[in-house]
Structures are given as C-alpha cells and as structure tokens.
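So this block is my_file.cif, mmCIF, C-alpha atoms and all ligand atoms:
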```cif
data_protein
loop_
_atom_site.label_atom_id
_atom_site.label_comp_id
_atom_site.auth_asym_id
_atom_site.auth_seq_id
_atom_site.Cartn_x
_atom_site.Cartn_y
_atom_site.Cartn_z
CA MET A 45 91.60 112.66 -100.09
CA ASN A 46 95.02 113.88 -99.14
CA PRO A 47 95.41 117.26 -100.88
CA VAL A 48 99.03 116.62 -101.94
CA TYR A 49 97.94 113.75 -104.16
CA ALA A 50 94.54 115.18 -105.12
CA ALA A 51 96.30 118.15 -106.72
CA LEU A 52 98.96 116.08 -108.44
CA PRO A 53 98.95 115.24 -112.14
CA THR A 54 100.01 111.77 -113.34
CA THR A 55 103.79 111.69 -113.73
CA ILE A 56 105.00 112.94 -117.12
CA PHE A 57 106.87 109.66 -117.72
CA GLU A 58 103.70 107.58 -117.48
CA LYS A 59 101.73 110.14 -119.48
CA MET A 60 104.18 110.19 -122.38
CA SER A 61 104.80 106.41 -122.36
CA ALA A 62 101.02 105.88 -122.51
CA ILE A 63 100.89 108.01 -125.69
CA ALA A 64 103.68 105.86 -127.17
CA ARG A 65 101.81 102.66 -126.28
CA GLU A 66 98.53 103.95 -127.72
CA THR A 67 99.89 105.46 -130.93
CA GLY A 68 102.92 103.29 -131.64
CA ALA A 69 105.15 106.39 -131.64
CA ILE A 70 108.87 105.87 -131.00
CA ASN A 71 109.40 106.37 -127.29
CA LEU A 72 112.37 108.61 -126.56
CA GLY A 73 110.56 109.89 -123.46
CA GLN A 74 110.80 107.78 -120.31
CA GLY A 75 114.37 106.62 -119.76
CA PHE A 76 114.83 102.95 -120.51
CA PRO A 77 117.14 101.17 -122.93
CA ASP A 78 116.13 98.92 -125.83
CA ALA A 79 118.87 96.44 -124.92
CA PRO A 80 117.72 93.56 -122.68
CA GLY A 81 120.39 94.08 -119.98
CA PRO A 82 123.39 91.89 -119.08
CA GLU A 83 122.56 88.24 -119.68
CA ASP A 84 124.59 86.87 -116.76
CA VAL A 85 122.71 89.12 -114.34
CA ARG A 86 119.34 88.09 -115.78
CA ARG A 87 120.35 84.41 -115.64
CA ALA A 88 121.40 84.78 -112.02
CA ALA A 89 117.94 86.17 -111.22
CA ALA A 90 116.21 83.33 -113.09
CA GLU A 91 118.35 80.73 -111.36
CA ALA A 92 117.63 82.26 -107.95
CA LEU A 93 113.91 82.37 -108.72
CA LEU A 94 113.83 78.67 -109.61
CA ASN A 95 116.26 77.24 -107.13
CA GLY A 96 116.88 79.94 -104.57
CA TYR A 97 115.13 81.24 -101.50
CA ASN A 98 111.88 83.03 -102.33
CA GLN A 99 110.62 83.98 -98.87
CA TYR A 100 111.07 87.29 -97.08
CA PRO A 101 114.69 88.36 -97.09
CA SER A 102 115.98 90.51 -94.25
CA MET A 103 114.24 93.87 -94.06
CA LEU A 104 117.54 95.65 -94.71
CA GLY A 105 118.24 93.50 -97.77
CA LEU A 106 120.01 90.19 -98.42
CA PRO A 107 123.45 90.10 -96.76
CA GLU A 108 124.95 89.21 -100.18
CA LEU A 109 123.62 92.40 -101.72
CA ARG A 110 124.49 94.64 -98.79
CA GLN A 111 128.03 93.24 -98.85
CA ALA A 112 128.18 93.76 -102.62
CA VAL A 113 127.05 97.39 -102.32
CA ALA A 114 129.71 98.04 -99.66
CA GLY A 115 132.36 96.24 -101.73
CA HIS A 116 131.37 98.12 -104.86
CA TYR A 117 131.76 101.55 -103.29
CA ALA A 118 135.03 100.55 -101.64
CA GLU A 119 136.37 99.51 -105.04
CA HIS A 120 134.98 102.37 -107.11
CA HIS A 121 135.15 105.30 -104.69
CA GLY A 122 137.38 104.22 -101.82
CA LEU A 123 134.35 104.63 -99.55
CA ALA A 124 134.37 102.40 -96.47
CA VAL A 125 130.84 101.23 -95.69
CA ASP A 126 129.80 98.82 -92.93
CA TRP A 127 127.40 96.51 -94.80
CA GLN A 128 125.56 95.48 -91.66
CA SER A 129 124.64 98.90 -90.32
CA GLU A 130 125.05 101.34 -93.22
CA VAL A 131 123.24 99.80 -96.23
CA VAL A 132 119.47 99.55 -96.75
CA VAL A 133 118.18 97.82 -99.90
CA THR A 134 114.99 99.36 -101.31
CA SER A 135 112.50 98.63 -104.08
CA GLY A 136 114.04 101.09 -106.47
CA ALA A 137 115.62 104.50 -105.89
CA THR A 138 112.19 106.13 -105.84
CA GLU A 139 111.41 104.20 -102.66
CA ALA A 140 114.77 105.25 -101.22
CA ILE A 141 113.96 108.89 -101.97
CA ALA A 142 110.54 108.56 -100.35
CA ALA A 143 111.91 106.75 -97.29
CA SER A 144 114.64 109.35 -96.85
CA ILE A 145 112.28 112.29 -97.08
CA LEU A 146 109.52 110.78 -94.93
CA SER A 147 111.91 109.78 -92.18
CA LEU A 148 114.12 112.87 -92.12
CA VAL A 149 111.71 115.75 -92.81
CA SER A 150 109.12 116.89 -90.26
CA GLU A 151 106.31 119.45 -90.27
CA GLY A 152 107.76 122.92 -90.70
CA ASP A 153 111.19 121.83 -91.91
CA GLU A 154 112.51 123.50 -95.04
CA VAL A 155 114.01 121.39 -97.81
CA VAL A 156 116.24 122.77 -100.55
CA LEU A 157 115.44 121.48 -104.04
CA VAL A 158 117.20 122.26 -107.29
CA GLN A 159 115.14 122.83 -110.43
CA PRO A 160 114.92 121.23 -112.91
CA LEU A 161 114.07 118.47 -110.47
CA TYR A 162 112.98 114.88 -110.76
CA ASP A 163 109.24 114.89 -110.29
CA ALA A 164 109.06 112.55 -107.28
CA TYR A 165 110.89 114.87 -104.87
CA LEU A 166 108.47 117.71 -104.35
CA PRO A 167 105.26 115.78 -103.54
CA MET A 168 107.19 113.69 -101.01
CA VAL A 169 108.57 116.79 -99.30
CA ARG A 170 105.05 118.22 -99.11
CA ARG A 171 103.61 114.91 -97.88
CA ALA A 172 106.17 114.93 -95.08
CA GLY A 173 104.97 118.41 -94.07
CA GLY A 174 108.13 120.08 -95.33
CA THR A 175 108.33 123.42 -97.07
CA PRO A 176 110.18 123.31 -100.40
CA ARG A 177 112.77 126.03 -101.01
CA LEU A 178 113.42 125.99 -104.72
CA ILE A 179 116.55 126.96 -106.59
CA ARG A 180 116.14 127.51 -110.33
CA LEU A 181 119.05 126.71 -112.64
CA GLU A 182 119.36 128.23 -116.09
CA PRO A 183 120.20 126.56 -119.37
CA PRO A 184 122.48 125.93 -121.12
CA HIS A 185 124.99 125.28 -118.31
CA TRP A 186 122.62 124.72 -115.37
CA THR A 187 125.28 125.88 -112.90
CA LEU A 188 124.56 126.13 -109.19
CA ASP A 189 126.22 129.05 -107.41
CA ALA A 190 126.69 130.16 -103.83
CA ALA A 191 124.29 133.10 -104.09
CA ALA A 192 121.43 130.86 -105.25
CA LEU A 193 122.12 128.36 -102.51
CA ASP A 194 122.48 130.94 -99.76
CA ALA A 195 119.24 132.61 -100.80
CA VAL A 196 117.21 129.53 -99.84
CA ILE A 197 119.06 128.34 -96.74
CA GLY A 198 117.76 129.53 -93.37
CA PRO A 199 117.38 128.44 -89.74
CA LYS A 200 114.64 125.96 -90.64
CA THR A 201 116.57 124.19 -93.41
CA ARG A 202 116.65 120.50 -92.60
CA ALA A 203 117.71 118.84 -95.86
CA ILE A 204 118.88 119.35 -99.40
CA ILE A 205 117.98 116.92 -102.16
CA PHE A 206 120.90 116.82 -104.51
CA ASN A 207 120.79 114.90 -107.79
CA ASN A 208 124.23 114.35 -109.32
CA PRO A 209 124.70 113.50 -112.16
CA ALA A 210 121.47 115.32 -112.87
CA ASN A 211 118.32 114.29 -114.69
CA PRO A 212 117.10 115.81 -117.02
CA THR A 213 120.09 118.06 -117.73
CA GLY A 214 122.79 115.40 -118.01
CA ARG A 215 125.12 117.65 -115.99
CA MET A 216 127.80 116.51 -113.57
CA TYR A 217 128.53 119.06 -110.86
CA ASP A 218 132.21 119.90 -110.49
CA ARG A 219 134.16 119.48 -107.27
CA ALA A 220 133.88 123.17 -106.38
CA THR A 221 130.07 123.00 -106.46
CA GLN A 222 130.09 119.85 -104.37
CA GLU A 223 132.43 121.52 -101.87
CA LEU A 224 130.07 124.48 -101.72
CA ILE A 225 127.14 122.20 -100.89
CA ALA A 226 129.17 120.29 -98.32
CA ASP A 227 130.27 123.54 -96.69
CA ARG A 228 126.69 124.79 -96.34
CA CYS A 229 125.45 121.42 -95.07
CA ILE A 230 128.09 121.39 -92.36
CA ARG A 231 127.73 125.04 -91.46
CA HIS A 232 123.92 124.93 -91.20
CA ASP A 233 123.55 121.34 -89.95
CA ILE A 234 121.74 120.14 -93.08
CA VAL A 235 121.28 116.54 -94.20
CA ALA A 236 122.05 115.78 -97.87
CA ILE A 237 119.76 113.31 -99.61
CA CYS A 238 121.86 112.44 -102.65
CA ASP A 239 120.16 110.88 -105.64
CA GLU A 240 123.22 109.45 -107.41
CA VAL A 241 121.43 106.86 -109.55
CA TRP A 242 123.39 108.00 -112.63
CA GLU A 243 126.77 107.52 -110.92
CA HIS A 244 127.98 105.01 -113.52
CA VAL A 245 126.36 106.48 -116.64
CA ILE A 246 128.96 109.22 -117.08
CA PHE A 247 131.05 110.29 -120.04
CA GLU A 248 133.49 112.81 -118.64
CA GLY A 249 135.73 112.65 -115.62
CA GLU A 250 134.85 110.90 -112.43
CA HIS A 251 131.77 110.80 -110.27
CA ILE A 252 132.43 112.20 -106.80
CA PRO A 253 129.88 111.01 -104.24
CA LEU A 254 129.02 113.89 -101.88
CA ILE A 255 129.28 111.47 -98.94
CA THR A 256 133.04 111.19 -99.57
CA LEU A 257 133.66 114.91 -98.96
CA PRO A 258 135.14 115.86 -95.57
CA GLY A 259 132.43 116.25 -92.93
CA MET A 260 129.68 114.65 -95.04
CA ARG A 261 130.01 111.00 -94.00
CA GLU A 262 127.49 111.24 -91.15
CA ARG A 263 125.06 113.69 -92.77
CA THR A 264 124.48 112.14 -96.20
CA VAL A 265 122.12 109.52 -97.54
CA LYS A 266 123.57 108.22 -100.82
CA ILE A 267 120.96 106.63 -103.07
CA GLY A 268 121.83 104.14 -105.82
CA SER A 269 119.91 102.13 -108.42
CA ALA A 270 120.56 98.77 -110.05
CA GLY A 271 118.01 99.72 -112.71
CA LYS A 272 120.33 102.45 -113.97
CA ILE A 273 123.63 100.64 -113.42
CA PHE A 274 122.56 97.48 -115.26
CA ALA A 275 119.96 99.03 -117.59
CA LEU A 276 117.21 96.91 -116.00
CA THR A 277 114.76 99.66 -115.13
CA GLY A 278 111.78 97.42 -114.37
CA TRP A 279 113.59 95.57 -111.62
CA LYS A 280 113.19 98.34 -109.08
CA VAL A 281 116.16 97.44 -106.92
CA GLY A 282 117.86 100.36 -105.21
CA TRP A 283 119.65 101.14 -101.97
CA MET A 284 120.58 103.79 -99.47
CA VAL A 285 124.05 104.11 -97.95
CA ALA A 286 124.37 106.31 -94.86
CA GLY A 287 126.06 106.57 -91.49
CA LYS A 288 124.68 104.22 -88.86
CA ALA A 289 122.26 106.67 -87.20
CA LEU A 290 120.80 107.92 -90.49
CA ALA A 291 120.58 104.40 -91.95
CA ALA A 292 118.64 103.18 -88.91
CA GLN A 293 116.22 106.09 -89.29
CA VAL A 294 115.58 105.70 -93.04
CA ALA A 295 115.15 101.92 -92.54
CA LYS A 296 112.17 102.63 -90.31
CA ALA A 297 110.34 104.33 -93.18
CA HIS A 298 111.40 101.59 -95.61
CA GLN A 299 110.09 98.83 -93.33
CA PHE A 300 106.51 100.04 -93.64
CA MET A 301 106.55 100.99 -97.31
CA THR A 302 107.80 97.87 -99.06
CA PHE A 303 109.49 96.08 -96.13
CA THR A 304 111.73 94.26 -98.57
CA THR A 305 112.59 93.61 -102.23
CA PRO A 306 112.39 90.38 -104.33
CA PRO A 307 115.29 88.18 -103.19
CA ASN A 308 116.06 86.69 -106.62
CA LEU A 309 116.65 90.17 -108.03
CA GLN A 310 118.81 91.04 -105.03
CA VAL A 311 121.00 87.97 -105.60
CA ALA A 312 121.48 88.90 -109.25
CA VAL A 313 122.29 92.55 -108.52
CA ALA A 314 124.82 91.44 -105.90
CA GLN A 315 126.55 89.41 -108.58
CA GLY A 316 126.41 92.30 -111.06
CA LEU A 317 128.00 94.76 -108.65
CA THR A 318 131.14 92.62 -108.49
CA LYS A 319 131.74 92.96 -112.25
CA PRO A 320 135.26 94.15 -113.10
CA LYS A 321 135.87 97.84 -113.79
CA ASN A 322 136.24 97.26 -117.54
CA TRP A 323 132.59 96.11 -117.71
CA PHE A 324 131.56 99.57 -116.53
CA GLU A 325 133.90 101.21 -119.03
CA ASP A 326 132.46 99.15 -121.90
CA MET A 327 128.94 99.99 -120.79
CA ARG A 328 129.78 103.70 -120.85
CA ALA A 329 131.45 103.43 -124.26
CA ASP A 330 128.35 101.76 -125.65
CA PHE A 331 126.04 104.44 -124.32
CA ALA A 332 128.40 107.19 -125.49
CA ARG A 333 128.19 105.80 -129.03
CA SER A 334 124.38 105.93 -129.00
CA ARG A 335 124.39 109.41 -127.47
CA ASP A 336 126.77 110.64 -130.17
CA ARG A 337 124.64 109.06 -132.90
CA LEU A 338 121.51 110.86 -131.73
CA VAL A 339 123.30 114.16 -131.14
CA ALA A 340 125.00 114.11 -134.55
CA GLY A 341 121.75 113.13 -136.26
CA LEU A 342 119.80 115.91 -134.58
CA GLN A 343 122.46 118.53 -135.30
CA ALA A 344 122.61 117.49 -138.95
CA VAL A 345 118.91 118.28 -139.37
CA GLY A 346 119.11 121.65 -137.62
CA TYR A 347 118.42 120.96 -133.96
CA ALA A 348 120.45 122.73 -131.28
CA VAL A 349 121.46 120.14 -128.71
CA LEU A 350 122.65 120.96 -125.19
CA SER A 351 125.72 119.03 -124.15
CA SER A 352 125.21 116.03 -121.89
CA GLN A 353 127.98 114.61 -119.69
CA ALA A 354 125.94 111.84 -118.08
CA THR A 355 122.57 110.00 -117.93
CA TRP A 356 120.61 108.44 -120.81
CA PHE A 357 119.37 111.83 -121.98
CA VAL A 358 120.16 114.73 -124.25
CA SER A 359 118.20 117.97 -124.49
CA VAL A 360 117.15 120.02 -127.46
CA ASP A 361 116.83 123.81 -127.25
CA LEU A 362 113.74 124.53 -129.34
CA THR A 363 114.30 128.29 -129.57
CA ALA A 364 117.86 127.84 -130.77
CA SER A 365 116.53 125.26 -133.24
CA GLY A 366 114.28 127.89 -134.81
CA ILE A 367 111.08 126.53 -133.26
CA THR A 368 108.76 128.91 -131.43
CA LEU A 369 106.41 126.33 -129.90
CA ASP A 370 106.81 125.80 -126.17
CA ASP A 371 108.08 122.43 -124.96
CA VAL A 372 104.67 120.97 -124.06
CA SER A 373 103.09 121.94 -127.40
CA PHE A 374 106.12 120.63 -129.27
CA ALA A 375 106.16 117.34 -127.31
CA ASP A 376 102.42 116.83 -127.87
CA ARG A 377 102.67 117.55 -131.60
CA MET A 378 105.83 115.51 -131.97
CA ALA A 379 104.15 112.55 -130.25
CA LEU A 380 100.70 112.68 -131.86
CA GLU A 381 101.54 114.02 -135.30
CA GLY A 382 105.27 113.34 -135.65
CA GLY A 383 105.50 109.86 -134.13
CA VAL A 384 108.25 110.48 -131.56
CA VAL A 385 107.64 110.82 -127.83
CA THR A 386 109.90 113.23 -125.90
CA ILE A 387 109.69 114.77 -122.42
CA PRO A 388 109.00 118.51 -122.00
CA VAL A 389 111.56 119.77 -119.49
CA SER A 390 109.05 122.20 -117.94
CA ALA A 391 107.66 119.09 -116.18
CA PHE A 392 110.78 119.24 -114.01
CA PHE A 393 109.87 122.67 -112.61
CA ALA A 394 107.44 123.55 -109.83
CA GLU A 395 107.54 127.28 -110.59
CA SER A 396 108.80 129.58 -113.37
CA PRO A 397 109.52 126.70 -115.74
CA VAL A 398 112.03 126.80 -118.55
CA THR A 399 109.68 126.15 -121.48
CA ASN A 400 111.87 125.77 -124.54
CA ILE A 401 113.66 122.49 -123.91
CA VAL A 402 112.69 118.88 -124.54
CA ARG A 403 114.55 115.79 -123.27
CA LEU A 404 115.25 112.77 -125.46
CA CYS A 405 116.42 109.33 -124.37
CA TYR A 406 119.20 108.04 -126.61
CA CYS A 407 119.73 104.46 -125.36
CA LYS A 408 117.87 102.84 -128.24
CA ASP A 409 118.81 100.61 -131.16
CA ASP A 410 120.58 102.45 -134.01
CA ALA A 411 117.67 101.85 -136.41
CA VAL A 412 115.22 103.30 -133.89
CA LEU A 413 117.38 106.39 -133.39
CA ASP A 414 117.77 106.86 -137.14
CA GLU A 415 114.03 106.64 -137.73
CA ALA A 416 113.37 109.03 -134.84
CA ILE A 417 115.85 111.52 -136.31
CA LYS A 418 114.04 111.33 -139.65
CA ARG A 419 110.71 112.06 -138.00
CA LEU A 420 112.17 114.88 -135.90
CA ALA A 421 113.70 116.34 -139.07
CA ALA A 422 110.31 116.32 -140.81
CA MET A 423 108.70 118.13 -137.88
CA ARG A 424 111.44 120.75 -137.79
CA GLU A 425 110.91 121.35 -141.51
CA LYS A 426 107.27 122.08 -140.74
CA LEU A 427 107.86 124.25 -137.70
CA ALA A 428 111.14 126.09 -138.06
CA SER A 429 111.08 129.67 -139.12
N1 LIG B 1 114.00 108.08 -114.26
C1 LIG B 1 113.16 107.88 -115.42
C2 LIG B 1 113.30 109.03 -116.38
O1 LIG B 1 113.75 110.08 -116.02
C3 LIG B 1 111.70 107.74 -115.10
C4 LIG B 1 111.37 106.83 -113.98
C5 LIG B 1 109.90 106.66 -113.85
O2 LIG B 1 109.16 106.80 -114.80
N2 LIG B 1 109.48 106.38 -112.67
O3 LIG B 1 112.91 108.86 -117.51
#
```
Represent the structure from my file as structure tokens, please.
Amino acid sequence: MNPVYAALPTTIFEKMSAIARETGAINLGQGFPDAPGPEDVRRAAAEALLNGYNQYPSMLGLPELRQAVAGHYAEHHGLAVDWQSEVVVTSGATEAIAASILSLVSEGDEVVLVQPLYDAYLPMVRRAGGTPRLIRLEPPHWTLDAAALDAVIGPKTRAIIFNNPANPTGRMYDRATQELIADRCIRHDIVAICDEVWEHVIFEGEHIPLITLPGMRERTVKIGSAGKIFALTGWKVGWMVAGKALAAQVAKAHQFMTFTTPPNLQVAVAQGLTKPKNWFEDMRADFARSRDRLVAGLQAVGYAVLSSQATWFVSVDLTASGITLDDVSFADRMALEGGVVTIPVSAFFAESPVTNIVRLCYCKDDAVLDEAIKRLAAMREKLAS
C-alpha cells in the first residue's frame, strides 16, 4: 500500500457528515447549502441530459464552457484568457488541485503551504514526492507576513498553494499580501497554485485573482469551482485557468485522472457563468443574511465568533467563549450529545494545530440555523465556566 494513503485518516468532512447521517444531528460541518441551487441552471442540465450530447466531450472541456469561463473572467476581473489554450475543465476543484500538484511538483521539490490548510493539499504534495514547507497563521486575524513566507522559501521551492479567500478562516488576503506573494514567486521562480473557489462568495471589497498581478500571468494556475459559485456542491465541475505552457502541462495530469466531466453539467455551468452581475450580488446578499443570522444568534448566547469576510463558514473561538474543551472534544460532544455537527479547525493543520476553534457552515434554512443556535446554547450552558 502506498504509505501516503495508508497513514491518512478519512477526511474530516466525510467523518463529520457520516455522524450527521447516522444520528440525525444538524449538519453545520461540511460546506453545502440547504437551498437547491439556481433552477435555470438545473433545468439546463436536465435538458442537456435528455436532449443533448452525452458522449465524451473534449478532454479540455466543452468549448461552450471553456468560452464561458474565459468570458466570465474577462467580465468580472478584466482577465484576458484564450479559451482554447488556457482553460481546462475538471471534475471539481479537488481534481484541479490534484492535477496541478501532480503535474508541477517532482521528487525533491519544496512546496509552500499555509496553515490552516484545506485537507486535500498536503497528501497530494507528498504523493508527488514534494516536501511540504508549512507556514502557520494565528487567529484571530490569520495574517500572512513576509518573515513567515521568507522562512520557508529556499532554492528548492517549486510551488506555493495559495487559497484566497481562505477556508476555513473566511479571510480575504489584502492587496499588499498578494503583492508580497507575487514578488516572492517572481524573485524565486515559484509557481502559484491558486485555489480561488470562494472568489464569488465574498462580503467585503473585491476579489483580486493572483494571476492578474504583474508578472504572475505565466506562473499561476487559477482554480475555480461551479459547485461553490452556484451552490451545487455535488456537481463536481471545476476548472483551471493558466498560461498556455502551464495549462498544457496540467491537462496531461487531468487526462489520466478523470479525462473529462459530464457534458450536461458543463452545458449548464456555461449558461450559469453568463448570468448578469446582479445575480452574483443577490447571491452574496442572501448568504450574508444567513451568515449574520448565525453570527448574531451565536453571540447572543455567549459564543465568541471570529469575523468572516468570505466563504460559507464562520468560526467560534471556544476559549473566548468560556469553554475549555479542545476543538475535537467539543465537536464530538456537540455532534453526539448536542445534536449539531461542526468541524474542528485543528483538522486543517499538519503540525502544531490551533485547537480552540470550530468551523460552522451558515448556508442553511433560517429554521435550521435557529434550532442549531438553541442546541449550541444548551451545550455552552453545560460547558462554560
Ligand atoms: N470544501 C468543503 C468544506 O470545506 C468540503 C469538500 C469536501 O468534503 N470534499 O466543507
């Protein structure tokens, strides 16, 4: 058995969702919305399934979707992308991450990773033979500074995996931090693998794709996800956008992982990406309302909530909430005894974990959020000193 996988636990998202399925607990763990997703996009998929083409699409993705991705980024970020040579459609962003790492990292290369980190990155780096160089950010602001970055960059650094906006922290990095990363990438000839799946789920300011910074166009793989943009997480439709040479390289890994992605879903996502800007604004306003409802509810019953500028998540600081249990013990008790599933943030660390924070997903129906708040309140009553 390959030792990377033999030593690996089952992903925390599957573990916690399984508890919710078995116990009937409210699932504020794994990130997925209660809402069914935009009806026109779902109808387009159904129509394409019944009356469209259901054989292998092009390995790089349907031309309609690649054109839509290019058009979308031109409209939203002023980014000029050649749809024929610079877009690769993947079966979800996780596949895009895997394809990027497997095709760009070789034995002995060092890869910079920022903790807390999404749990798929590290095993893929190891599987590719890379050596992870980990940065550890600190709550509550999770800021990334030059000293931390410089401490892990060396002559063997090949890539940085940069997640912005960031899961689980809900942080958006400011322009200065992005400029810092761009500067180091250029200076040390580093490729940036940018997981930007939360690019549209933002509540403050504007998302700046790293690929748009001067000097980054040819050294960045920008990863996107229809699952996040349209709240259709089970669809597993994602993409990579990169300069021609990088795109050709990552496509070679993609071709032997999934080869392609269901064409009916691609047609529907292509249609969705052409939605007018106000659709995206309404979507954000809707999510912001749910986020504020959960945050206000939690604060009212004594929980200390860390601010979240993006993503479907908010975090609770257990220590500041008067709870001395660590995050894993709290999440287990909250799930099994309290009836609400959360995600312990220590699962996003490979070393020296922060152990007093749990992540909650807020994109649920109001009644579900209200009931969850009630249950969380009861647990805090029991535990808080
Ligand atoms: N991105 C999702 C989350 O953070 C999980 C995705 C998954 O379970 N593969 O909740």
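In terms of minimum interatomic distance to ligand LIG 1 (chain B), A:Val389 ranks closest within A:Leu413, A:Ala124, A:Val389, A:Ala289, counting only C-alpha atoms and all ligand atoms.
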Each region 76-180 of chain A residue no farther than 12 Å from region 356-365 of chain A, nearest pair in Å, only C-alpha atoms, as CSV:
```
residue,atom,partner,partner_atom,distance
A:Phe76,CA,A:Trp356,CA,8.0
A:Pro77,CA,A:Trp356,CA,8.3
A:Asp78,CA,A:Trp356,CA,11.7
```
Assuming 3 Å of padding per side, give the centre and edge lengths of the axis-aligned box around every listed atom of region 84-98 of chain A, in Å to one decimal and as lines of an AutoDock Vina configuration file.
```
center_x = 118.2
center_y = 83.2
center_z = -109.1
size_x = 18.7
size_y = 17.9
size_z = 21.3
```
List every residue of chain A that has an atom at most 6 Å from any atom of ligand LIG 1 (chain B), and for each one report the closest atom pair and its distance in Å to one decimal, counting only C-alpha atoms and all ligand atoms, with rows sorted by chain and then by increasing residue number, as a tab-separated table.
```
residue	atom	partner	partner_atom	distance
A:Phe57	CA	B:LIG1	O2	4.7
A:Gln74	CA	B:LIG1	O3	3.7
A:Gly75	CA	B:LIG1	O3	3.5
```
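Picture a line from CA of Pro47 (chain A) to CA of Val372 (chain A); it runs 25.2 Å.
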Could you list, as JSON, numbers by chain, every residue within 9 Å of Tyr165 (chain A), counting only C-alpha atoms and ignoring same-chain residues fewer than 5 positions away? {"A": [138, 141, 142, 145, 157, 170, 205]}
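Minimum atom-to-atom distance to Ser396 (chain A), evaluated using all atoms listed in the file, belongs to A:Leu178 out of A:Leu178, A:Ala137, A:Ala416, A:Leu276.
Nearest residue to Gly271 (chain A), choosing from A:Ser334, A:Asn98, A:Thr134, A:Asn400 and counting only C-alpha atoms: A:Thr134.
The shortest atom-to-atom distance to Val235 (chain A), with only C-alpha atoms taken into account, belongs to A:Ser147 out of A:Thr355, A:Thr318, A:Ser129, A:Ser147.
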Mind checking which residues fall within 12 Å of region 58-62 of chain A, counting all atoms listed in the file, ignoring those fewer than 2 positions away in the same chain, and posting them as a PyMOL selection string? chain A and resi 53-56+64-76+163+372+375-380+383-388+391+403-404
Please produce a file of the residues just selected, as an mmCIF file, in the frame of the given file, where the atoms kept are C-alpha atoms.
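Okay, selection_22.cif is ready:
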```cif
data_model
loop_
_atom_site.group_PDB
_atom_site.id
_atom_site.type_symbol
_atom_site.label_atom_id
_atom_site.label_comp_id
_atom_site.auth_asym_id
_atom_site.auth_seq_id
_atom_site.Cartn_x
_atom_site.Cartn_y
_atom_site.Cartn_z
ATOM 1 C CA PRO A 53 98.950 115.240 -112.140
ATOM 2 C CA THR A 54 100.010 111.770 -113.340
ATOM 3 C CA THR A 55 103.790 111.690 -113.730
ATOM 4 C CA ILE A 56 105.000 112.940 -117.120
ATOM 5 C CA ALA A 64 103.680 105.860 -127.170
ATOM 6 C CA ARG A 65 101.810 102.660 -126.280
ATOM 7 C CA GLU A 66 98.530 103.950 -127.720
ATOM 8 C CA THR A 67 99.890 105.460 -130.930
ATOM 9 C CA GLY A 68 102.920 103.290 -131.640
ATOM 10 C CA ALA A 69 105.150 106.390 -131.640
ATOM 11 C CA ILE A 70 108.870 105.870 -131.000
ATOM 12 C CA ASN A 71 109.400 106.370 -127.290
ATOM 13 C CA LEU A 72 112.370 108.610 -126.560
ATOM 14 C CA GLY A 73 110.560 109.890 -123.460
ATOM 15 C CA GLN A 74 110.800 107.780 -120.310
ATOM 16 C CA GLY A 75 114.370 106.620 -119.760
ATOM 17 C CA PHE A 76 114.830 102.950 -120.510
ATOM 18 C CA ASP A 163 109.240 114.890 -110.290
ATOM 19 C CA VAL A 372 104.670 120.970 -124.060
ATOM 20 C CA ALA A 375 106.160 117.340 -127.310
ATOM 21 C CA ASP A 376 102.420 116.830 -127.870
ATOM 22 C CA ARG A 377 102.670 117.550 -131.600
ATOM 23 C CA MET A 378 105.830 115.510 -131.970
ATOM 24 C CA ALA A 379 104.150 112.550 -130.250
ATOM 25 C CA LEU A 380 100.700 112.680 -131.860
ATOM 26 C CA GLY A 383 105.500 109.860 -134.130
ATOM 27 C CA VAL A 384 108.250 110.480 -131.560
ATOM 28 C CA VAL A 385 107.640 110.820 -127.830
ATOM 29 C CA THR A 386 109.900 113.230 -125.900
ATOM 30 C CA ILE A 387 109.690 114.770 -122.420
ATOM 31 C CA PRO A 388 109.000 118.510 -122.000
ATOM 32 C CA ALA A 391 107.660 119.090 -116.180
ATOM 33 C CA ARG A 403 114.550 115.790 -123.270
ATOM 34 C CA LEU A 404 115.250 112.770 -125.460
#
```
All residues 9 Å or closer to region 319-328 of chain A, all atoms listed in the file, same chain fewer than 2 positions away omitted, as a VMD selection string: chain A and resid 119 to 120 244 to 247 273 to 274 315 to 317 330 to 333
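Between Val132 (chain A) and the residues A:Cys405, A:Leu342, A:Leu93, A:Met103, the shortest atom-to-atom distance, using all atoms listed in the file, involves A:Met103.
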Can you tell me which residues surround Val339 (chain A) at a distance of at most 8 Å, considering all atoms listed in the file, apart from same-chain residues fewer than 4 positions away, and format the answer as a VMD selection string? chain A and resid 335 343 349 358
Could you produce a table of the residues of region 216-244 of chain A lying within 12 Å of region 149-156 of chain A, with the nearest pair of atoms per residue and their separation in Å rounded to one decimal, using all atoms listed in the file, ordered by chain and increasing residue number, as a tab-separated table?
```
residue	atom	partner	partner_atom	distance
A:Ile225	CA	A:Val156	CA	10.9
A:Arg228	CA	A:Val156	CA	11.4
A:Cys229	CA	A:Val156	CA	10.8
A:Ile234	CA	A:Val155	CA	9.1
A:Val235	CA	A:Val155	CA	9.5
A:Ala236	CA	A:Val156	CA	9.5
A:Ile237	CA	A:Val155	CA	10.1
A:Cys238	CA	A:Val156	CA	11.9
```
For the selection you just gave me, I'd like the residues written to a file as a PDB file, in the frame of the given file, keeping C-alpha atoms.
```pdb
ATOM      1  CA  ILE A 225     127.140 122.200-100.890  1.00  0.00           C
ATOM      2  CA  ARG A 228     126.690 124.790 -96.340  1.00  0.00           C
ATOM      3  CA  CYS A 229     125.450 121.420 -95.070  1.00  0.00           C
ATOM      4  CA  ILE A 234     121.740 120.140 -93.080  1.00  0.00           C
ATOM      5  CA  VAL A 235     121.280 116.540 -94.200  1.00  0.00           C
ATOM      6  CA  ALA A 236     122.050 115.780 -97.870  1.00  0.00           C
ATOM      7  CA  ILE A 237     119.760 113.310 -99.610  1.00  0.00           C
ATOM      8  CA  CYS A 238     121.860 112.440-102.650  1.00  0.00           C
TER       9      CYS A 238
END
```
List as CSV every residue of region 97-176 of chain A that is in contact with region 248-256 of chain A, defined as an atom at most 9 Å from one of its atoms (using only C-alpha atoms), together with the nearest atom pair and the distance in Å rounded to one decimal, sorted by chain and then rising number.
```
residue,atom,partner,partner_atom,distance
A:His121,CA,A:Ile252,CA,7.7
A:Gly122,CA,A:Thr256,CA,8.5
A:Leu123,CA,A:Thr256,CA,6.7
```
Please save C-alpha atoms of the selected residues as a short mmCIF file (atom, residue, chain, number, x, y, z; two decimals), in the frame of the given file.
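Wrote it out as selection_39.cif, contents follow:
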```
data_model
loop_
_atom_site.label_atom_id
_atom_site.label_comp_id
_atom_site.auth_asym_id
_atom_site.auth_seq_id
_atom_site.Cartn_x
_atom_site.Cartn_y
_atom_site.Cartn_z
CA HIS A 121 135.15 105.30 -104.69
CA GLY A 122 137.38 104.22 -101.82
CA LEU A 123 134.35 104.63 -99.55
#
```
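For the pair CA of Lys288 (chain A) and CA of Glu130 (chain A), the separation is 5.2 Å.
You can rank A:Met284, A:Ala226, A:Ala354, A:Val402 by their closest distance to His298 (chain A) using only C-alpha atoms, and at the top of that list sits A:Met284.
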The residues within 10 Å of (115.1, 103.8, -106.4), using only C-alpha atoms and the coordinates of the file, should be reported as a ChimeraX atom specification; which are they? /A:133-142,239-241,267-272,277,279-284
